[in-house]
Amino acid sequence: MDLGISGRKALLCASSRGLGKACATSLAQAGCDVTINGRTADSLQSAADDIFATSGVRVRAVQADINTAEGRALLLAACPEADILVNNNDGPPPGQFLEWEESDWLSAFNANMLAATFMIKGVLPGMRQRKFGRIVNITSAMVKQPRARMGLSTAARTALTALCKALSIECAVDNVTINNMLPERFDTNRQVFMAKQMMKADGITFDEARAKIVSTVAAKRFGRPEEFGDTCAFLCSHQAGFMSGQNLQLDGGSYPGLI
């Protein structure tokens, strides 16, 4: 399927690895002019090489920390008049509510709510003026299925979800959509981290932790990053212009609710 976005400018935060990189790869394969972002030069170069190998597209790489105003300014300047924005960032670690201090809450909200908010603020006026825009936020399954140990992530990402729902209603008239992707159990470094956390908590091996995680997924497997990336590309497509303000779960069919 031709997604109708060849030549569109795509700006992707935290996209040198994992799900962000998968989205960048799929958008490059769709013909977009892609700008990727990461904190280290080595990871950015590796991602750029991998994306070129699979898409034939040379991406622009920006080393910047999107948790800072300076980093966000660098990224926005590198891709003026962005048609597509994919917000992504590392999530806070699991923990215990009674152990979290004010600094933990401020860090979580800065990374998983405010960073994306200010990136949206930087691109939204231009998108509305040009009558095309696709904003995709990579959030978490915890937005719809909260767990106490993931409370920092749940609270911050749910705040972003609420803000974007309100914005999506206002900007739909200008062909600007805002949607959220809620991943769970994709085979990335995040799952390696979660397995290691489980090893410590439960006193089991890495392979046992991985198997325990997979057992919680209805599909009985981890998601593939390319599945996630292609879904992101569709949300950014011409065909998805009538779909906005949605929370799309990608969890192997595990969520038990109706809404």
# chains A, B, ... in the order shown; residues from 1 in each chain; ligands from 1
$ residues_around --residues "A:Asp187" --least-positions-apart "4" --cutoff "7 Å" --atoms "only C-alpha atoms" --output "list in words"
Gln191, Phe222, Gly223, Arg224 and Pro225 of chain A
$ select_by_dssp --residues "stretch 10-259 of chain A" --states "helix (DSSP H, G or I)" --output "number ranges by chain"
A: 18-29, 41-55, 69-78, 97-99, 102-130, 141-143, 148-174, 189-202, 206-214, 225-235
$ closest_residue --among "A:Lys200, A:Arg72, A:Arg39, A:Arg134" --to "A:Met243" --atoms "only C-alpha atoms"
A:Arg134
$ closest_residue --among "A:Leu250, A:Ala22, A:Ala155, A:Val143" --to "A:Asp104" --atoms "only C-alpha atoms"
A:Ala155
$ closest_residue --among "A:Leu124, A:Ala156, A:Ala53, A:Leu75" --to "A:Phe109" --atoms "only C-alpha atoms"
A:Ala156
$ select_by_dssp --residues "stretch 35-166 of chain A" --states "strand (DSSP E or B)" --output "count of residues only"
18
$ residues_around --residues "A:Leu12" --least-positions-apart "5" --cutoff "8 Å" --atoms "only C-alpha atoms" --output "PyMOL selection string"
chain A and resi 20+24+34-37+85-88
$ closest_residue --among "A:Ala218, A:Ala111, A:Ile51, A:Ile259" --to "A:Thr25" --atoms "only C-alpha atoms"
A:Ile51
$ residues_around --residues "A:Ala219" --least-positions-apart "3" --cutoff "12 Å" --atoms "only C-alpha atoms" --output "mmCIF file with C-alpha atoms, in the first residue's frame"
data_model
loop_
_atom_site.group_PDB
_atom_site.id
_atom_site.type_symbol
_atom_site.label_atom_id
_atom_site.label_comp_id
_atom_site.auth_asym_id
_atom_site.auth_seq_id
_atom_site.Cartn_x
_atom_site.Cartn_y
_atom_site.Cartn_z
ATOM 1 C CA GLU A 184 3.575 -3.942 25.724
ATOM 2 C CA ARG A 185 6.005 -6.843 25.487
ATOM 3 C CA PHE A 186 7.951 -5.896 22.367
ATOM 4 C CA ILE A 213 7.027 -12.512 30.699
ATOM 5 C CA VAL A 214 5.956 -14.262 27.489
ATOM 6 C CA SER A 215 3.470 -16.366 29.451
ATOM 7 C CA THR A 216 1.548 -13.186 30.288
ATOM 8 C CA PHE A 222 7.065 -11.006 22.135
ATOM 9 C CA GLY A 223 6.026 -8.399 19.606
ATOM 10 C CA ARG A 224 8.421 -7.683 16.751
ATOM 11 C CA LEU A 250 -0.219 -3.283 20.619
ATOM 12 C CA ASP A 251 0.023 -6.046 23.183
ATOM 13 C CA GLY A 252 -0.569 -9.373 21.485
ATOM 14 C CA GLY A 253 -4.262 -9.275 22.373
ATOM 15 C CA SER A 254 -3.604 -9.292 26.118
ATOM 16 C CA TYR A 255 -5.751 -6.378 27.282
#
$ closest_atom_pairs --of "stretch 144-172 of chain A" --to "stretch 116-122 of chain A" --cutoff "9 Å" --atoms "only C-alpha atoms" --output "Markdown table"
| residue | atom | partner | partner_atom | distance |
| --- | --- | --- | --- | --- |
| A:Leu160 | CA | A:Thr117 | CA | 7.2 |
| A:Leu163 | CA | A:Thr117 | CA | 8.4 |
| A:Cys164 | CA | A:Thr117 | CA | 8.5 |
$ residues_around --residues "stretch 236-242 of chain A" --least-positions-apart "6" --cutoff "7 Å" --atoms "only C-alpha atoms" --output "mmCIF file with N, CA and C atoms, in the first residue's frame"
data_model
loop_
_atom_site.group_PDB
_atom_site.id
_atom_site.type_symbol
_atom_site.label_atom_id
_atom_site.label_comp_id
_atom_site.auth_asym_id
_atom_site.auth_seq_id
_atom_site.Cartn_x
_atom_site.Cartn_y
_atom_site.Cartn_z
ATOM 1 N N LEU A 3 1.378 4.709 1.200
ATOM 2 C CA LEU A 3 0.848 5.452 2.339
ATOM 3 C C LEU A 3 0.660 6.937 2.050
ATOM 4 N N GLY A 4 1.097 7.390 0.897
ATOM 5 C CA GLY A 4 0.864 8.777 0.510
ATOM 6 C C GLY A 4 1.681 9.796 1.282
ATOM 7 N N ILE A 5 2.798 9.369 1.863
ATOM 8 C CA ILE A 5 3.618 10.298 2.649
ATOM 9 C C ILE A 5 5.055 10.392 2.144
ATOM 10 N N ILE A 84 5.462 15.190 10.303
ATOM 11 C CA ILE A 84 5.222 14.044 11.181
ATOM 12 C C ILE A 84 6.109 14.196 12.410
ATOM 13 N N ARG A 134 0.796 14.747 11.348
ATOM 14 C CA ARG A 134 0.571 13.471 12.017
ATOM 15 C C ARG A 134 1.474 13.445 13.252
ATOM 16 N N ASN A 175 -6.643 18.801 9.379
ATOM 17 C CA ASN A 175 -5.993 17.582 8.896
ATOM 18 C C ASN A 175 -4.732 17.265 9.693
ATOM 19 N N THR A 177 -3.673 15.006 12.935
ATOM 20 C CA THR A 177 -4.129 13.956 13.839
ATOM 21 C C THR A 177 -3.121 13.750 14.958
#
$ residues_around --residues "A:Gly133" --least-positions-apart "6" --cutoff "6 Å" --atoms "only C-alpha atoms" --output "list in words"
Asp83, Ile84, Met127 and Val176 of chain A
$ residues_around --residues "A:Thr161" --least-positions-apart "6" --cutoff "9 Å" --atoms "only C-alpha atoms" --output "ChimeraX atom specification"
/A:113,137,139,143,179-180,245,247
$ atom_distance --atom1 "atom CA of A:Pro93" --atom2 "atom CA of A:Gly71"
22.5 Å
$ closest_residue --among "A:Ala28, A:Ala159, A:Glu102, A:Ala209" --to "A:Leu114" --atoms "only C-alpha atoms"
A:Ala159
